[in-house]
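What's in start-v4.csv: CSV, N, CA and C atoms
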chain,number,residue,atom,x,y,z
A,1,MET,N,30.7,13.6,111.9
A,1,MET,CA,30.0,14.8,111.7
A,1,MET,C,29.7,15.0,110.2
A,2,LEU,N,28.6,15.4,110.0
A,2,LEU,CA,28.2,15.6,108.6
A,2,LEU,C,28.3,17.1,108.2
A,3,ALA,N,28.9,17.3,107.1
A,3,ALA,CA,29.0,18.7,106.6
A,3,ALA,C,27.7,19.0,105.8
A,4,ARG,N,27.2,20.2,106.0
A,4,ARG,CA,26.0,20.6,105.3
A,4,ARG,C,26.4,21.7,104.3
A,5,GLU,N,25.9,21.7,103.2
A,5,GLU,CA,26.1,22.7,102.2
A,5,GLU,C,25.2,23.9,102.5
A,6,GLU,N,25.7,25.1,102.3
A,6,GLU,CA,24.9,26.3,102.6
A,6,GLU,C,24.2,26.6,101.3
A,7,SER,N,23.0,26.9,101.5
A,7,SER,CA,22.2,27.2,100.3
A,7,SER,C,21.9,28.7,100.3
A,8,GLU,N,21.3,29.2,99.2
A,8,GLU,CA,20.9,30.6,99.1
A,8,GLU,C,19.8,30.9,100.1
A,9,GLU,N,19.0,30.0,100.4
A,9,GLU,CA,17.9,30.3,101.3
A,9,GLU,C,18.4,30.5,102.7
A,10,ASP,N,19.4,29.8,103.1
A,10,ASP,CA,20.0,29.9,104.5
A,10,ASP,C,20.6,31.3,104.6
A,11,SER,N,21.4,31.7,103.6
A,11,SER,CA,22.0,33.0,103.7
A,11,SER,C,21.0,34.1,103.7
A,12,PHE,N,19.9,34.0,103.0
A,12,PHE,CA,18.8,35.0,102.9
A,12,PHE,C,18.1,35.1,104.3
A,13,GLU,N,17.9,33.9,104.9
A,13,GLU,CA,17.3,33.9,106.2
A,13,GLU,C,18.2,34.6,107.2
A,14,TYR,N,19.5,34.4,107.1
A,14,TYR,CA,20.4,35.0,108.1
A,14,TYR,C,20.4,36.5,107.9
A,15,GLU,N,20.4,37.0,106.6
A,15,GLU,CA,20.4,38.4,106.4
A,15,GLU,C,19.0,39.0,106.9
A,16,ARG,N,18.0,38.3,106.7
A,16,ARG,CA,16.7,38.8,107.1
A,16,ARG,C,16.6,38.9,108.6
A,17,LYS,N,17.2,38.0,109.3
A,17,LYS,CA,17.2,38.0,110.8
A,17,LYS,C,18.0,39.2,111.3
A,18,VAL,N,19.1,39.5,110.7
A,18,VAL,CA,20.0,40.5,111.1
A,18,VAL,C,19.4,41.9,110.8
A,19,SER,N,18.8,42.0,109.7
A,19,SER,CA,18.3,43.3,109.2
A,19,SER,C,17.2,43.8,110.1
A,20,ILE,N,16.9,45.1,110.0
A,20,ILE,CA,15.9,45.8,110.9
A,20,ILE,C,14.5,45.3,110.3
A,21,PRO,N,13.6,45.1,111.2
A,21,PRO,CA,12.3,44.6,110.8
A,21,PRO,C,11.6,45.6,109.9
A,22,GLU,N,10.9,45.1,108.9
A,22,GLU,CA,10.3,46.0,107.9
A,22,GLU,C,9.3,47.0,108.5
A,23,ARG,N,8.5,46.6,109.5
A,23,ARG,CA,7.6,47.5,110.0
A,23,ARG,C,8.3,48.7,110.7
A,24,PHE,N,9.4,48.5,111.3
A,24,PHE,CA,10.2,49.6,111.9
A,24,PHE,C,10.8,50.5,110.9
A,25,ASN,N,11.3,49.8,109.8
A,25,ASN,CA,11.9,50.6,108.7
A,25,ASN,C,10.8,51.5,108.1
A,26,ASP,N,9.7,51.0,107.8
A,26,ASP,CA,8.6,51.8,107.2
A,26,ASP,C,8.2,52.9,108.1
A,27,LYS,N,8.0,52.6,109.3
A,27,LYS,CA,7.6,53.7,110.3
A,27,LYS,C,8.7,54.7,110.4
A,28,HIS,N,9.9,54.3,110.6
A,28,HIS,CA,11.0,55.2,110.8
A,28,HIS,C,11.2,56.0,109.5
A,29,LYS,N,11.1,55.5,108.3
A,29,LYS,CA,11.3,56.2,107.1
A,29,LYS,C,10.2,57.3,107.0
A,30,GLU,N,9.0,57.1,107.4
A,30,GLU,CA,8.0,58.0,107.2
A,30,GLU,C,8.2,59.2,108.2
A,31,THR,N,8.6,59.0,109.4
A,31,THR,CA,8.7,60.1,110.4
A,31,THR,C,10.0,60.9,110.3
A,32,ALA,N,11.1,60.2,110.0
A,32,ALA,CA,12.4,60.9,110.0
A,32,ALA,C,12.9,61.2,108.6
A,33,PRO,N,13.1,62.5,108.3
A,33,PRO,CA,13.6,62.8,107.0
A,33,PRO,C,15.1,62.4,106.9
A,34,SER,N,15.5,62.2,105.7
A,34,SER,CA,16.9,61.8,105.5
A,34,SER,C,17.8,63.0,105.7
A,35,PRO,N,19.1,62.8,105.9
A,35,PRO,CA,20.0,64.0,106.2
A,35,PRO,C,20.0,65.0,105.1
A,36,ILE,N,19.7,64.6,103.9
A,36,ILE,CA,19.7,65.6,102.8
A,36,ILE,C,18.4,66.4,102.9
A,37,GLU,N,17.3,65.8,103.3
A,37,GLU,CA,16.1,66.5,103.3
A,37,GLU,C,15.9,67.4,104.6
A,38,ARG,N,16.7,67.1,105.6
A,38,ARG,CA,16.5,67.8,106.9
A,38,ARG,C,16.9,69.2,106.8
A,39,PRO,N,16.1,70.2,107.3
A,39,PRO,CA,16.4,71.6,107.1
A,39,PRO,C,17.6,71.9,108.1
A,40,VAL,N,18.5,72.8,107.6
A,40,VAL,CA,19.6,73.2,108.4
A,40,VAL,C,19.1,74.3,109.4
A,41,VAL,N,19.4,74.1,110.7
A,41,VAL,CA,19.0,75.0,111.7
A,41,VAL,C,20.2,75.7,112.2
A,42,LEU,N,20.3,77.1,112.0
A,42,LEU,CA,21.5,77.8,112.4
A,42,LEU,C,21.2,78.4,113.8
A,43,ASN,N,22.2,78.4,114.6
A,43,ASN,CA,22.1,79.0,115.9
A,43,ASN,C,22.6,80.4,115.8
A,44,LYS,N,21.7,81.3,115.6
A,44,LYS,CA,22.0,82.7,115.3
A,44,LYS,C,22.6,83.4,116.6
A,45,THR,N,22.2,83.0,117.7
A,45,THR,CA,22.8,83.6,118.9
A,45,THR,C,24.2,83.3,119.1
A,46,LEU,N,24.6,82.0,118.8
A,46,LEU,CA,26.0,81.6,118.9
A,46,LEU,C,26.8,82.3,117.8
A,47,ARG,N,26.2,82.4,116.6
A,47,ARG,CA,26.9,83.1,115.5
A,47,ARG,C,27.1,84.6,115.9
A,48,ARG,N,26.1,85.3,116.5
A,48,ARG,CA,26.3,86.7,116.9
A,48,ARG,C,27.4,86.8,118.0
A,49,ARG,N,27.4,85.9,118.9
A,49,ARG,CA,28.4,85.9,120.0
A,49,ARG,C,29.8,85.7,119.4
A,50,CYS,N,29.9,84.8,118.5
A,50,CYS,CA,31.2,84.6,117.9
A,50,CYS,C,31.7,85.8,117.1
A,51,PHE,N,30.8,86.4,116.3
A,51,PHE,CA,31.1,87.6,115.6
A,51,PHE,C,31.5,88.7,116.5
A,52,LEU,N,30.8,88.9,117.6
A,52,LEU,CA,31.1,89.9,118.6
A,52,LEU,C,32.5,89.6,119.2
A,53,LEU,N,32.8,88.4,119.5
A,53,LEU,CA,34.1,88.1,120.1
A,53,LEU,C,35.2,88.4,119.1
A,54,VAL,N,35.0,88.0,117.9
A,54,VAL,CA,36.0,88.3,116.8
A,54,VAL,C,36.2,89.8,116.7
A,55,ALA,N,35.1,90.6,116.7
A,55,ALA,CA,35.1,92.0,116.6
A,55,ALA,C,35.9,92.7,117.7
A,56,VAL,N,35.6,92.2,119.0
A,56,VAL,CA,36.3,92.7,120.1
A,56,VAL,C,37.8,92.4,120.1
A,57,VAL,N,38.1,91.2,119.7
A,57,VAL,CA,39.5,90.9,119.6
A,57,VAL,C,40.2,91.8,118.5
A,58,ALA,N,39.5,92.0,117.4
A,58,ALA,CA,40.1,92.8,116.4
A,58,ALA,C,40.3,94.3,116.8
A,59,VAL,N,39.3,94.8,117.5
A,59,VAL,CA,39.4,96.2,118.0
A,59,VAL,C,40.6,96.3,119.0
A,60,LEU,N,40.6,95.3,120.0
A,60,LEU,CA,41.7,95.4,121.0
A,60,LEU,C,43.1,95.2,120.3
A,61,THR,N,43.2,94.4,119.3
A,61,THR,CA,44.5,94.3,118.6
A,61,THR,C,44.8,95.6,117.9
A,62,GLY,N,43.8,96.2,117.3
A,62,GLY,CA,44.1,97.5,116.7
A,62,GLY,C,44.5,98.6,117.7
A,63,VAL,N,43.9,98.6,118.9
A,63,VAL,CA,44.3,99.5,119.9
A,63,VAL,C,45.8,99.3,120.3
A,64,VAL,N,46.1,98.0,120.5
A,64,VAL,CA,47.5,97.7,120.9
A,64,VAL,C,48.5,98.1,119.8
A,65,VAL,N,48.1,97.9,118.6
A,65,VAL,CA,49.0,98.3,117.5
A,65,VAL,C,49.2,99.8,117.4
A,66,VAL,N,48.1,100.6,117.6
A,66,VAL,CA,48.2,102.0,117.6
A,66,VAL,C,49.0,102.5,118.8
A,67,GLN,N,48.8,101.9,119.9
A,67,GLN,CA,49.6,102.3,121.1
A,67,GLN,C,51.1,102.1,120.9
A,68,ASN,N,51.4,101.0,120.3
A,68,ASN,CA,52.8,100.7,120.1
A,68,ASN,C,53.4,101.7,119.1
A,69,GLY,N,52.6,102.1,118.1
A,69,GLY,CA,53.1,103.1,117.1
A,69,GLY,C,53.3,104.4,117.8
A,70,ILE,N,52.4,104.8,118.7
A,70,ILE,CA,52.6,106.1,119.4
A,70,ILE,C,53.8,106.0,120.3
A,71,MET,N,53.9,104.9,121.0
A,71,MET,CA,55.1,104.8,121.9
A,71,MET,C,56.4,104.8,121.2
A,72,SER,N,56.4,104.2,120.0
A,72,SER,CA,57.7,104.2,119.2
A,72,SER,C,58.0,105.6,118.7
A,73,SER,N,57.0,106.3,118.2
A,73,SER,CA,57.3,107.7,117.8
A,73,SER,C,57.7,108.6,118.9
A,74,ARG,N,57.1,108.4,120.1
A,74,ARG,CA,57.5,109.2,121.2
A,74,ARG,C,58.9,108.9,121.7
A,75,GLY,N,59.2,107.6,121.6
A,75,GLY,CA,60.6,107.2,121.9
A,75,GLY,C,61.6,107.9,121.0
A,76,TYR,N,61.3,107.9,119.7
A,76,TYR,CA,62.2,108.5,118.7
A,76,TYR,C,62.3,110.0,119.0
A,77,ASP,N,61.2,110.7,119.3
A,77,ASP,CA,61.2,112.1,119.7
A,77,ASP,C,62.0,112.4,120.9
A,78,LEU,N,61.9,111.5,121.9
A,78,LEU,CA,62.7,111.6,123.1
A,78,LEU,C,64.2,111.6,122.9
A,79,VAL,N,64.6,110.6,122.1
A,79,VAL,CA,66.0,110.5,121.7
A,79,VAL,C,66.5,111.7,121.0
A,80,ARG,N,65.7,112.3,120.1
A,80,ARG,CA,66.0,113.4,119.3
A,80,ARG,C,66.2,114.7,120.2
A,81,VAL,N,65.2,114.8,121.2
A,81,VAL,CA,65.3,115.9,122.1
A,81,VAL,C,66.5,115.8,123.0
A,82,GLN,N,66.8,114.6,123.5
A,82,GLN,CA,68.0,114.4,124.3
A,82,GLN,C,69.3,114.7,123.5
A,83,GLN,N,69.3,114.4,122.3
A,83,GLN,CA,70.5,114.8,121.5
A,83,GLN,C,70.6,116.3,121.3
A,84,GLN,N,69.5,116.9,121.1
A,84,GLN,CA,69.5,118.4,121.0
A,84,GLN,C,69.9,119.0,122.3
A,85,ALA,N,69.4,118.5,123.5
A,85,ALA,CA,69.8,119.0,124.8
A,85,ALA,C,71.3,118.9,125.0
A,86,ALA,N,71.9,117.7,124.6
A,86,ALA,CA,73.3,117.5,124.8
A,86,ALA,C,74.1,118.5,123.9
A,87,ALA,N,73.6,118.7,122.7
A,87,ALA,CA,74.3,119.7,121.8
A,87,ALA,C,74.3,121.1,122.4
A,88,LEU,N,73.1,121.5,122.9
A,88,LEU,CA,73.0,122.8,123.5
A,88,LEU,C,73.8,123.0,124.7
A,89,GLU,N,73.9,121.9,125.5
A,89,GLU,CA,74.8,122.0,126.7
A,89,GLU,C,76.3,122.2,126.3
A,90,GLN,N,76.7,121.5,125.3
A,90,GLN,CA,78.0,121.6,124.8
A,90,GLN,C,78.3,123.0,124.2
A,91,GLU,N,77.3,123.5,123.5
A,91,GLU,CA,77.5,124.9,123.0
A,91,GLU,C,77.5,125.9,124.1
A,92,ASN,N,76.7,125.7,125.2
A,92,ASN,CA,76.7,126.6,126.4
A,92,ASN,C,78.1,126.6,127.0
A,93,GLU,N,78.7,125.4,127.1
A,93,GLU,CA,80.0,125.3,127.7
A,93,GLU,C,81.1,126.1,126.9
A,94,HIS,N,81.0,126.0,125.6
A,94,HIS,CA,81.9,126.8,124.7
A,94,HIS,C,81.6,128.3,124.9
A,95,LEU,N,80.4,128.7,125.0
A,95,LEU,CA,80.1,130.1,125.2
A,95,LEU,C,80.6,130.6,126.6
A,96,LYS,N,80.5,129.8,127.6
A,96,LYS,CA,81.1,130.2,128.9
A,96,LYS,C,82.6,130.4,128.8
A,97,VAL,N,83.3,129.5,128.1
A,97,VAL,CA,84.7,129.7,127.9
A,97,VAL,C,85.0,131.0,127.1
A,98,ASP,N,84.2,131.3,126.1
A,98,ASP,CA,84.4,132.5,125.3
A,98,ASP,C,84.1,133.7,126.2
A,99,VAL,N,83.1,133.7,127.0
A,99,VAL,CA,82.8,134.8,127.9
A,99,VAL,C,84.0,135.0,128.9
A,100,ALA,N,84.5,134.0,129.4
A,100,ALA,CA,85.6,134.1,130.3
A,100,ALA,C,86.8,134.7,129.7
A,101,GLN,N,87.1,134.3,128.4
A,101,GLN,CA,88.2,134.9,127.7
A,101,GLN,C,88.0,136.4,127.4
A,102,LEU,N,86.7,136.7,127.1
A,102,LEU,CA,86.4,138.1,126.8
A,102,LEU,C,86.5,139.0,128.0
A,103,ARG,N,86.3,138.5,129.2
A,103,ARG,CA,86.4,139.2,130.4
A,103,ARG,C,87.8,139.3,131.0
A,104,ALA,N,88.7,138.6,130.4
A,104,ALA,CA,90.1,138.6,131.0
A,104,ALA,C,90.7,140.0,131.0
A,105,PRO,N,91.3,140.4,132.1
A,105,PRO,CA,91.9,141.8,132.3
A,105,PRO,C,92.9,142.1,131.3
A,106,GLN,N,93.7,141.1,130.9
A,106,GLN,CA,94.8,141.3,129.9
A,106,GLN,C,94.2,141.7,128.5
A,107,ARG,N,93.1,141.1,128.2
A,107,ARG,CA,92.5,141.4,126.9
A,107,ARG,C,91.9,142.9,126.9
A,108,ILE,N,91.2,143.2,128.0
A,108,ILE,CA,90.6,144.5,128.2
A,108,ILE,C,91.8,145.6,128.1
A,109,LYS,N,92.9,145.3,128.8
A,109,LYS,CA,94.0,146.3,128.8
A,109,LYS,C,94.6,146.4,127.4
A,110,ALA,N,94.7,145.3,126.6
A,110,ALA,CA,95.3,145.3,125.3
A,110,ALA,C,94.4,146.1,124.4
A,111,ILE,N,93.1,145.9,124.4
A,111,ILE,CA,92.1,146.7,123.6
A,111,ILE,C,92.2,148.2,123.9
A,112,ALA,N,92.2,148.5,125.2
A,112,ALA,CA,92.3,149.9,125.6
A,112,ALA,C,93.6,150.6,125.1
A,113,GLU,N,94.7,149.9,125.2
A,113,GLU,CA,95.9,150.5,124.7
A,113,GLU,C,96.0,150.6,123.2
A,114,GLN,N,95.6,149.5,122.5
A,114,GLN,CA,95.8,149.5,121.0
A,114,GLN,C,94.7,150.2,120.3
A,115,LYS,N,93.5,150.0,120.6
A,115,LYS,CA,92.4,150.6,119.8
A,115,LYS,C,92.0,151.9,120.3
A,116,LEU,N,92.0,152.1,121.6
A,116,LEU,CA,91.5,153.4,122.2
A,116,LEU,C,92.7,154.4,122.5
A,117,GLY,N,93.9,153.9,122.4
A,117,GLY,CA,95.0,154.8,122.7
A,117,GLY,C,95.2,155.2,124.1
A,118,MET,N,94.7,154.4,125.0
A,118,MET,CA,94.8,154.7,126.5
A,118,MET,C,96.1,154.1,127.0
A,119,VAL,N,96.6,154.8,128.0
A,119,VAL,CA,97.8,154.3,128.7
A,119,VAL,C,97.6,154.1,130.1
A,120,VAL,N,98.4,153.3,130.7
A,120,VAL,CA,98.3,153.1,132.2
A,120,VAL,C,99.0,154.3,132.8
A,121,PRO,N,98.4,155.0,133.8
A,121,PRO,CA,99.1,156.2,134.4
A,121,PRO,C,100.3,155.8,135.2
A,122,LYS,N,101.3,156.6,135.2
A,122,LYS,CA,102.5,156.3,136.0
A,122,LYS,C,102.3,156.5,137.5
A,123,TYR,N,101.5,157.5,137.8
A,123,TYR,CA,101.2,157.8,139.2
A,123,TYR,C,99.7,157.7,139.4
A,124,VAL,N,99.4,157.1,140.6
A,124,VAL,CA,98.0,157.0,140.9
A,124,VAL,C,97.8,157.9,142.1
A,125,TYR,N,96.8,158.8,142.0
A,125,TYR,CA,96.5,159.7,143.1
A,125,TYR,C,95.1,159.3,143.7
A,126,PHE,N,95.0,159.2,145.0
A,126,PHE,CA,93.7,158.9,145.6
A,126,PHE,C,93.3,160.2,146.3
A,127,ALA,N,92.1,160.5,146.1
A,127,ALA,CA,91.5,161.6,146.8
A,127,ALA,C,90.5,161.1,147.8
A,128,GLY,N,90.6,161.5,149.0
A,128,GLY,CA,89.8,161.0,150.0
A,128,GLY,C,89.9,161.8,151.3
A,129,ASP,N,89.0,161.6,152.2
A,129,ASP,CA,89.0,162.3,153.4
A,129,ASP,C,90.0,161.7,154.4
A,130,LYS,N,90.6,162.6,155.1
A,130,LYS,CA,91.6,162.2,156.1
A,130,LYS,C,90.9,162.2,157.5
A,131,HIS,N,90.4,161.4,157.9
A,131,HIS,CA,89.8,161.3,159.2
A,131,HIS,C,90.5,160.3,160.1
Translate the structure described by the file into structure tokens.
Amino acid sequence: MLAREESEEDSFEYERKVSIPERFNDKHKETAPSPIERPVVLNKTLRRRCFLLVAVVAVLTGVVVVQNGIMSSRGYDLVRVQQQAAALEQENEHLKVDVAQLRAPQRIKAIAEQKLGMVVPKYVYFAGDKH
């Protein structure tokens, strides 16, 4: 087998065969603008929908945050009212004990004897009908 040296002409022919034909390149270059020259087309409907979606999500998030704040403050108010109710019930029990002590017959007798100068009668007479 004989080895053949590759010349510049051979490589040029190979490159020329692989490359796109010139008539296609010329025609293609005239009709299609390059990516830099191509105008940017924005999809305004898609942009509006995305903005609307983001706005709705933001509003819903705000509503949830406000609701959680209201629920937290109401929870704190409920605990405070429950503590006040417990304190009032305890005070009511103390007042009931005080009322019971003030109504005791021994206390009433002691006040009548000491402050009013009253005495218990030795004899008790009943007046009534004899039928």
**Interatomic distance, atom CA of A:Cys50 to atom CA of A:Asn68 (Å, one decimal)** = 27.0 Å
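Interatomic distance, atom CA of A:Gln114 against atom N of A:Val99: 21.1 Å.
The interatomic distance for the pair atom CA of A:Ala85 and atom CA of A:Ala104 works out to 28.9 Å.
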